Amino acid sequence: MITIRPARAEDAEALPGIEQSAGLAFRAIPELAWLADGDNVSAQRHRALIADGACWIGADDRDRPVGFLSAGIEGDTLHIWELDVSLDRQGQGIGRALLGRAVADARRRGLAAVTLTTFRAVAWNAPFYRKFGFRVLEGAEIDERLASLLGDEAEHGMALDQRCAMRLDLR
Ligand SMILES: CC(C)(COP(=O)(O)OP(=O)(O)OC[C@H]1O[C@@H](n2cnc3c(N)ncnc32)[C@H](O)[C@@H]1OP(=O)(O)O)[C@@H](O)C(=O)NCCC(=O)NCCS
């Protein structure tokens with residue numbers, strides 16, 4: 001059984017390994033396979049994100065993390081930085097449950113929206129979020145903050161036309 005709970009500082013060490021395992025899913029897509037070998041967010045950065053209070057864990061029946069969602073509050077918006085589920089646990093509803101928890105928390109905080117950036121055409125990226133109610137932002141809908149994130153991603157080798165910014169309005 002999987003439990004979704006807020007992350008604690010001591011979870012931080014496990015999260016880079018989960019990101020690494022999750023990223024192996026990209027090996028199935030030849031032009032994105034290189035992502036499987038990319039750098040992961042450090043445990044130190046996770047500790048800071050966890051301290052900010054917008055990180056959730058999918059934990060197994062021994063309370064070990066098997067997936068996580070880390071986000072941060074940017075003005076009136078919850079921005080999702082990472083959503084990862086260990087490869088052997090994918091496709092069992094854990095990602096959807098983590099996303100549901102983060103969105104519910106954003107609503108409870110009275111925030112206006114949830115945002116993220118992701119791949120347009122990868123089945124478990126934009127189409128997954130779209131099913132959840134997120135929409136792809138185009139042109140002038142992409143504010144400065146999101147445009148700057150897309151720009152950083154392009155500098156890290158992610159082709160601008162393959163990435164998108166998405167938003168779920170809560171009001
Ligand atoms: C994205 C991710 C967190 C989803 O978590 P998950 O627990 O595997 O997803 P769920 O079981 O909750 O499935 C939710 C939906 O995701 C999609 N999905 C998940 N895995 C998929 C796969 N391998 N192929 C196609 N669609 C997939 C489906 O649309 C699914 O909905 P459905 O059950 O109605 O078909 C997980 O697949 C992952 O860690 N992927 C690699 C890292 C990544 O891309 N993170 C997101 C960055 S924006």
# chains A, B, ... in the order shown; residues from 1 in each chain; ligands from 1
$ residues_near_ligand --ligand "ligand 1" --cutoff "7 Å" --atoms "only C-alpha atoms and all ligand atoms" --output "PyMOL selection string"
chain A and resi 19+22-23+25-26+82-87+89-97+117-119+123-125+127-128
$ write_last_selection --atoms "N, CA and C atoms" --output "tab-separated table (two decimals), in the first residue's frame"
chain	number	residue	atom	x	y	z
A	19	GLU	N	14.71	9.97	-8.50
A	19	GLU	CA	14.74	10.73	-9.77
A	19	GLU	C	15.52	9.95	-10.82
A	22	ALA	N	13.41	7.00	-11.97
A	22	ALA	CA	12.27	7.48	-12.76
A	22	ALA	C	12.71	7.86	-14.17
A	23	GLY	N	13.87	8.51	-14.25
A	23	GLY	CA	14.36	9.01	-15.53
A	23	GLY	C	14.68	7.91	-16.53
A	25	ALA	N	12.81	5.84	-17.56
A	25	ALA	CA	11.66	5.73	-18.48
A	25	ALA	C	11.98	6.38	-19.83
A	26	PHE	N	12.86	7.40	-19.82
A	26	PHE	CA	13.17	8.12	-21.07
A	26	PHE	C	14.05	7.29	-22.02
A	82	GLU	N	9.54	19.01	-9.59
A	82	GLU	CA	9.86	17.62	-9.94
A	82	GLU	C	8.68	16.72	-9.55
A	83	LEU	N	8.42	15.74	-10.38
A	83	LEU	CA	7.47	14.67	-10.02
A	83	LEU	C	8.10	13.38	-10.54
A	84	ASP	N	8.45	12.50	-9.64
A	84	ASP	CA	9.16	11.28	-10.03
A	84	ASP	C	8.66	10.09	-9.24
A	85	VAL	N	8.49	8.98	-9.95
A	85	VAL	CA	8.13	7.70	-9.31
A	85	VAL	C	9.15	6.67	-9.78
A	86	SER	N	9.68	5.88	-8.86
A	86	SER	CA	10.67	4.84	-9.21
A	86	SER	C	10.14	3.99	-10.36
A	87	LEU	N	11.04	3.62	-11.27
A	87	LEU	CA	10.64	2.91	-12.49
A	87	LEU	C	9.76	1.70	-12.18
A	89	ARG	N	7.74	1.22	-9.92
A	89	ARG	CA	6.45	1.57	-9.31
A	89	ARG	C	5.60	2.44	-10.22
A	90	GLN	N	6.09	2.70	-11.43
A	90	GLN	CA	5.33	3.58	-12.33
A	90	GLN	C	4.08	2.87	-12.84
A	91	GLY	N	3.09	3.68	-13.24
A	91	GLY	CA	1.87	3.12	-13.82
A	91	GLY	C	0.93	2.50	-12.81
A	92	GLN	N	1.13	2.83	-11.52
A	92	GLN	CA	0.26	2.27	-10.47
A	92	GLN	C	-0.56	3.35	-9.77
A	93	GLY	N	-0.58	4.55	-10.36
A	93	GLY	CA	-1.42	5.61	-9.80
A	93	GLY	C	-0.71	6.50	-8.78
A	94	ILE	N	0.58	6.25	-8.53
A	94	ILE	CA	1.28	7.03	-7.49
A	94	ILE	C	1.50	8.47	-7.95
A	95	GLY	N	1.89	8.65	-9.23
A	95	GLY	CA	2.09	9.99	-9.76
A	95	GLY	C	0.81	10.82	-9.68
A	96	ARG	N	-0.29	10.18	-10.08
A	96	ARG	CA	-1.57	10.90	-10.05
A	96	ARG	C	-1.94	11.28	-8.61
A	97	ALA	N	-1.68	10.36	-7.68
A	97	ALA	CA	-2.01	10.63	-6.27
A	97	ALA	C	-1.16	11.77	-5.72
A	117	THR	N	6.67	22.97	-16.09
A	117	THR	CA	7.14	22.83	-17.48
A	117	THR	C	7.41	21.35	-17.72
A	118	THR	N	7.18	20.91	-18.97
A	118	THR	CA	7.31	19.48	-19.24
A	118	THR	C	7.47	19.26	-20.75
A	119	PHE	N	7.61	17.98	-21.15
A	119	PHE	CA	7.69	17.66	-22.58
A	119	PHE	C	6.29	17.56	-23.17
A	123	ALA	N	4.27	10.70	-23.40
A	123	ALA	CA	2.94	10.27	-22.91
A	123	ALA	C	2.75	10.56	-21.42
A	124	TRP	N	3.82	10.37	-20.63
A	124	TRP	CA	3.67	10.56	-19.18
A	124	TRP	C	4.04	11.98	-18.75
A	125	ASN	N	4.13	12.89	-19.70
A	125	ASN	CA	4.37	14.30	-19.38
A	125	ASN	C	3.10	15.10	-19.71
A	127	PRO	N	0.54	15.00	-21.77
A	127	PRO	CA	-0.78	14.34	-21.83
A	127	PRO	C	-1.28	13.89	-20.45
A	128	PHE	N	-0.35	13.48	-19.59
A	128	PHE	CA	-0.71	13.07	-18.21
A	128	PHE	C	-1.29	14.27	-17.45
$ residues_around --residues "Trp81 (chain A)" --least-positions-apart "4" --cutoff "10 Å" --atoms "only C-alpha atoms" --output "list in words"
Val41, Leu49, Cys55, Leu69, Ser70, Ala71, Gly72, Thr115, Leu116, Thr117 and Thr118 of chain A
$ write_last_selection --atoms "N, CA and C atoms" --output "tab-separated table (two decimals), in the first residue's frame"
chain	number	residue	atom	x	y	z
A	41	VAL	N	18.62	16.39	-9.04
A	41	VAL	CA	18.56	17.43	-8.01
A	41	VAL	C	19.26	16.87	-6.77
A	49	LEU	N	13.96	22.46	-0.29
A	49	LEU	CA	12.58	22.43	-0.81
A	49	LEU	C	11.62	21.83	0.23
A	55	CYS	N	6.51	19.70	-0.50
A	55	CYS	CA	7.07	18.47	-1.07
A	55	CYS	C	6.35	17.28	-0.43
A	69	LEU	N	6.88	14.43	-5.13
A	69	LEU	CA	6.58	15.66	-5.88
A	69	LEU	C	7.17	16.80	-5.09
A	70	SER	N	8.03	17.60	-5.72
A	70	SER	CA	8.54	18.76	-5.01
A	70	SER	C	8.14	20.02	-5.76
A	71	ALA	N	7.69	20.98	-4.99
A	71	ALA	CA	7.14	22.21	-5.56
A	71	ALA	C	7.55	23.38	-4.68
A	72	GLY	N	7.23	24.56	-5.14
A	72	GLY	CA	7.51	25.75	-4.35
A	72	GLY	C	6.45	26.80	-4.65
A	115	THR	N	1.51	25.48	-11.71
A	115	THR	CA	2.22	25.52	-13.00
A	115	THR	C	3.37	24.51	-13.01
A	116	LEU	N	3.85	24.25	-14.21
A	116	LEU	CA	5.01	23.37	-14.39
A	116	LEU	C	5.49	23.50	-15.83
A	117	THR	N	6.67	22.97	-16.09
A	117	THR	CA	7.14	22.83	-17.48
A	117	THR	C	7.41	21.35	-17.72
A	118	THR	N	7.18	20.91	-18.97
A	118	THR	CA	7.31	19.48	-19.24
A	118	THR	C	7.47	19.26	-20.75
$ residues_around --residues "Thr77 (chain A)" --least-positions-apart "4" --cutoff "12 Å" --atoms "only C-alpha atoms" --output "PDB file with N, CA and C atoms, in the first residue's frame"
ATOM      1  N   ALA A  54       6.454  22.314   0.584  1.00  0.00           N
ATOM      2  CA  ALA A  54       5.596  21.931  -0.543  1.00  0.00           C
ATOM      3  C   ALA A  54       6.221  20.743  -1.274  1.00  0.00           C
ATOM      4  N   ALA A  71       7.688  20.983  -4.988  1.00  0.00           N
ATOM      5  CA  ALA A  71       7.145  22.209  -5.561  1.00  0.00           C
ATOM      6  C   ALA A  71       7.547  23.382  -4.683  1.00  0.00           C
ATOM      7  N   GLY A  72       7.227  24.562  -5.141  1.00  0.00           N
ATOM      8  CA  GLY A  72       7.506  25.751  -4.350  1.00  0.00           C
ATOM      9  C   GLY A  72       6.448  26.799  -4.654  1.00  0.00           C
ATOM     10  N   ILE A  73       6.228  27.676  -3.700  1.00  0.00           N
ATOM     11  CA  ILE A  73       5.245  28.739  -3.916  1.00  0.00           C
ATOM     12  C   ILE A  73       5.943  29.943  -4.524  1.00  0.00           C
ATOM     13  N   ALA A 102      -0.800  17.636  -4.177  1.00  0.00           N
ATOM     14  CA  ALA A 102      -0.210  18.966  -4.338  1.00  0.00           C
ATOM     15  C   ALA A 102      -1.277  19.988  -4.752  1.00  0.00           C
ATOM     16  N   VAL A 103      -2.157  19.577  -5.670  1.00  0.00           N
ATOM     17  CA  VAL A 103      -3.208  20.494  -6.135  1.00  0.00           C
ATOM     18  C   VAL A 103      -4.172  20.805  -4.988  1.00  0.00           C
ATOM     19  N   ASP A 105      -3.485  20.840  -1.868  1.00  0.00           N
ATOM     20  CA  ASP A 105      -2.783  21.719  -0.943  1.00  0.00           C
ATOM     21  C   ASP A 105      -2.773  23.163  -1.466  1.00  0.00           C
ATOM     22  N   ALA A 106      -2.567  23.309  -2.782  1.00  0.00           N
ATOM     23  CA  ALA A 106      -2.563  24.653  -3.382  1.00  0.00           C
ATOM     24  C   ALA A 106      -3.934  25.312  -3.213  1.00  0.00           C
ATOM     25  N   ARG A 107      -4.993  24.529  -3.404  1.00  0.00           N
ATOM     26  CA  ARG A 107      -6.362  25.050  -3.207  1.00  0.00           C
ATOM     27  C   ARG A 107      -6.551  25.483  -1.766  1.00  0.00           C
ATOM     28  N   ARG A 109      -4.426  26.460   0.306  1.00  0.00           N
ATOM     29  CA  ARG A 109      -3.670  27.679   0.588  1.00  0.00           C
ATOM     30  C   ARG A 109      -4.269  28.898  -0.110  1.00  0.00           C
ATOM     31  N   GLY A 110      -5.296  28.680  -0.911  1.00  0.00           N
ATOM     32  CA  GLY A 110      -5.943  29.798  -1.604  1.00  0.00           C
ATOM     33  C   GLY A 110      -5.138  30.316  -2.786  1.00  0.00           C
ATOM     34  N   LEU A 111      -4.245  29.492  -3.332  1.00  0.00           N
ATOM     35  CA  LEU A 111      -3.430  29.933  -4.465  1.00  0.00           C
ATOM     36  C   LEU A 111      -4.275  29.979  -5.746  1.00  0.00           C
ATOM     37  N   ALA A 112      -3.785  30.738  -6.726  1.00  0.00           N
ATOM     38  CA  ALA A 112      -4.546  30.950  -7.959  1.00  0.00           C
ATOM     39  C   ALA A 112      -4.355  29.824  -8.968  1.00  0.00           C
ATOM     40  N   ALA A 113      -3.188  29.169  -8.917  1.00  0.00           N
ATOM     41  CA  ALA A 113      -2.887  28.211  -9.987  1.00  0.00           C
ATOM     42  C   ALA A 113      -1.751  27.284  -9.593  1.00  0.00           C
ATOM     43  N   VAL A 114      -1.614  26.217 -10.377  1.00  0.00           N
ATOM     44  CA  VAL A 114      -0.456  25.322 -10.287  1.00  0.00           C
ATOM     45  C   VAL A 114       0.199  25.338 -11.663  1.00  0.00           C
ATOM     46  N   THR A 115       1.514  25.478 -11.708  1.00  0.00           N
ATOM     47  CA  THR A 115       2.219  25.524 -13.001  1.00  0.00           C
ATOM     48  C   THR A 115       3.367  24.506 -13.012  1.00  0.00           C
ATOM     49  N   LEU A 116       3.848  24.250 -14.214  1.00  0.00           N
ATOM     50  CA  LEU A 116       5.013  23.369 -14.393  1.00  0.00           C
ATOM     51  C   LEU A 116       5.493  23.504 -15.833  1.00  0.00           C
ATOM     52  N   ARG A 145       8.289  34.545 -15.724  1.00  0.00           N
ATOM     53  CA  ARG A 145       8.860  33.486 -14.872  1.00  0.00           C
ATOM     54  C   ARG A 145       8.958  32.162 -15.640  1.00  0.00           C
ATOM     55  N   LEU A 146       7.853  31.780 -16.281  1.00  0.00           N
ATOM     56  CA  LEU A 146       7.851  30.494 -17.002  1.00  0.00           C
ATOM     57  C   LEU A 146       8.745  30.564 -18.243  1.00  0.00           C
ATOM     58  N   ARG A 167      -0.524  25.049 -17.006  1.00  0.00           N
ATOM     59  CA  ARG A 167      -1.142  25.729 -15.866  1.00  0.00           C
ATOM     60  C   ARG A 167      -2.504  25.111 -15.558  1.00  0.00           C
ATOM     61  N   LEU A 168      -2.769  24.957 -14.282  1.00  0.00           N
ATOM     62  CA  LEU A 168      -4.100  24.555 -13.815  1.00  0.00           C
ATOM     63  C   LEU A 168      -4.643  25.731 -13.002  1.00  0.00           C
ATOM     64  N   ASP A 169      -5.726  26.338 -13.489  1.00  0.00           N
ATOM     65  CA  ASP A 169      -6.325  27.458 -12.763  1.00  0.00           C
ATOM     66  C   ASP A 169      -7.160  26.920 -11.612  1.00  0.00           C
ATOM     67  N   LEU A 170      -7.022  27.536 -10.450  1.00  0.00           N
ATOM     68  CA  LEU A 170      -7.759  27.071  -9.273  1.00  0.00           C
ATOM     69  C   LEU A 170      -8.908  28.010  -8.916  1.00  0.00           C
ATOM     70  N   ARG A 171      -8.988  29.154  -9.594  1.00  0.00           N
ATOM     71  CA  ARG A 171     -10.067  30.094  -9.246  1.00  0.00           C
ATOM     72  C   ARG A 171     -11.030  30.245 -10.409  1.00  0.00           C
TER      73      ARG A 171
END
$ atom_distance --atom1 "CA of Tyr129 (chain A)" --atom2 "CA of Glu141 (chain A)"
17.6 Å
$ select_by_dssp --residues "region 26-119 of chain A" --states "strand (DSSP E or B)" --output "VMD selection string"
chain A and resid 55 to 59 65 to 74 77 to 85 113 to 119
$ write_last_selection --atoms "C-alpha atoms" --output "PDB file, in the first residue's frame"
ATOM      1  CA  CYS A  55       7.073  18.468  -1.072  1.00  0.00           C
ATOM      2  CA  TRP A  56       5.176  15.190  -0.780  1.00  0.00           C
ATOM      3  CA  ILE A  57       6.256  11.573  -0.661  1.00  0.00           C
ATOM      4  CA  GLY A  58       4.634   8.379  -1.894  1.00  0.00           C
ATOM      5  CA  ALA A  59       5.826   5.926   0.755  1.00  0.00           C
ATOM      6  CA  PRO A  65       9.895   6.835  -0.358  1.00  0.00           C
ATOM      7  CA  VAL A  66       9.095   5.362  -3.811  1.00  0.00           C
ATOM      8  CA  GLY A  67       7.987   8.623  -5.415  1.00  0.00           C
ATOM      9  CA  PHE A  68       7.894  12.330  -4.703  1.00  0.00           C
ATOM     10  CA  LEU A  69       6.584  15.659  -5.885  1.00  0.00           C
ATOM     11  CA  SER A  70       8.545  18.763  -5.013  1.00  0.00           C
ATOM     12  CA  ALA A  71       7.145  22.209  -5.561  1.00  0.00           C
ATOM     13  CA  GLY A  72       7.506  25.751  -4.350  1.00  0.00           C
ATOM     14  CA  ILE A  73       5.245  28.739  -3.916  1.00  0.00           C
ATOM     15  CA  GLU A  74       5.994  31.492  -6.422  1.00  0.00           C
ATOM     16  CA  THR A  77       1.165  30.004  -7.751  1.00  0.00           C
ATOM     17  CA  LEU A  78       2.371  26.569  -6.740  1.00  0.00           C
ATOM     18  CA  HIS A  79       5.125  25.607  -9.197  1.00  0.00           C
ATOM     19  CA  ILE A  80       5.961  21.917  -9.524  1.00  0.00           C
ATOM     20  CA  TRP A  81       9.720  21.389  -9.843  1.00  0.00           C
ATOM     21  CA  GLU A  82       9.857  17.617  -9.936  1.00  0.00           C
ATOM     22  CA  LEU A  83       7.475  14.666 -10.023  1.00  0.00           C
ATOM     23  CA  ASP A  84       9.163  11.282 -10.033  1.00  0.00           C
ATOM     24  CA  VAL A  85       8.125   7.705  -9.314  1.00  0.00           C
ATOM     25  CA  ALA A 113      -2.887  28.211  -9.987  1.00  0.00           C
ATOM     26  CA  VAL A 114      -0.456  25.322 -10.287  1.00  0.00           C
ATOM     27  CA  THR A 115       2.219  25.524 -13.001  1.00  0.00           C
ATOM     28  CA  LEU A 116       5.013  23.369 -14.393  1.00  0.00           C
ATOM     29  CA  THR A 117       7.139  22.828 -17.475  1.00  0.00           C
ATOM     30  CA  THR A 118       7.310  19.481 -19.245  1.00  0.00           C
ATOM     31  CA  PHE A 119       7.691  17.661 -22.576  1.00  0.00           C
TER      32      PHE A 119
END
$ closest_residue --among "A:Asp52, A:Asp63, A:Glu31, A:Glu138" --to "Arg5 (chain A)" --atoms "only C-alpha atoms"
A:Asp63
$ residues_around --residues "Leu35 (chain A)" --least-positions-apart "2" --cutoff "10 Å" --atoms "only C-alpha atoms" --output "PyMOL selection string"
chain A and resi 20+23-27+29+31-33+37-40+157-158
$ select_by_dssp --residues "region 7-117 of chain A" --states "helix (DSSP H, G or I)" --output "VMD selection string"
chain A and resid 9 to 28 30 to 37 43 to 51 87 to 89 94 to 108
$ residues_around --residues "Ala159 (chain A)" --least-positions-apart "6" --cutoff "10 Å" --atoms "only C-alpha atoms" --output "ChimeraX atom specification"
/A:119,150-151,153
$ write_last_selection --atoms "C-alpha atoms" --output "short mmCIF file (atom, residue, chain, number, x, y, z; two decimals), in the first residue's frame"
data_model
loop_
_atom_site.label_atom_id
_atom_site.label_comp_id
_atom_site.auth_asym_id
_atom_site.auth_seq_id
_atom_site.Cartn_x
_atom_site.Cartn_y
_atom_site.Cartn_z
CA PHE A 119 7.69 17.66 -22.58
CA LEU A 150 11.95 27.34 -20.48
CA GLY A 151 15.02 29.38 -21.48
CA GLU A 153 15.93 24.29 -19.92
#
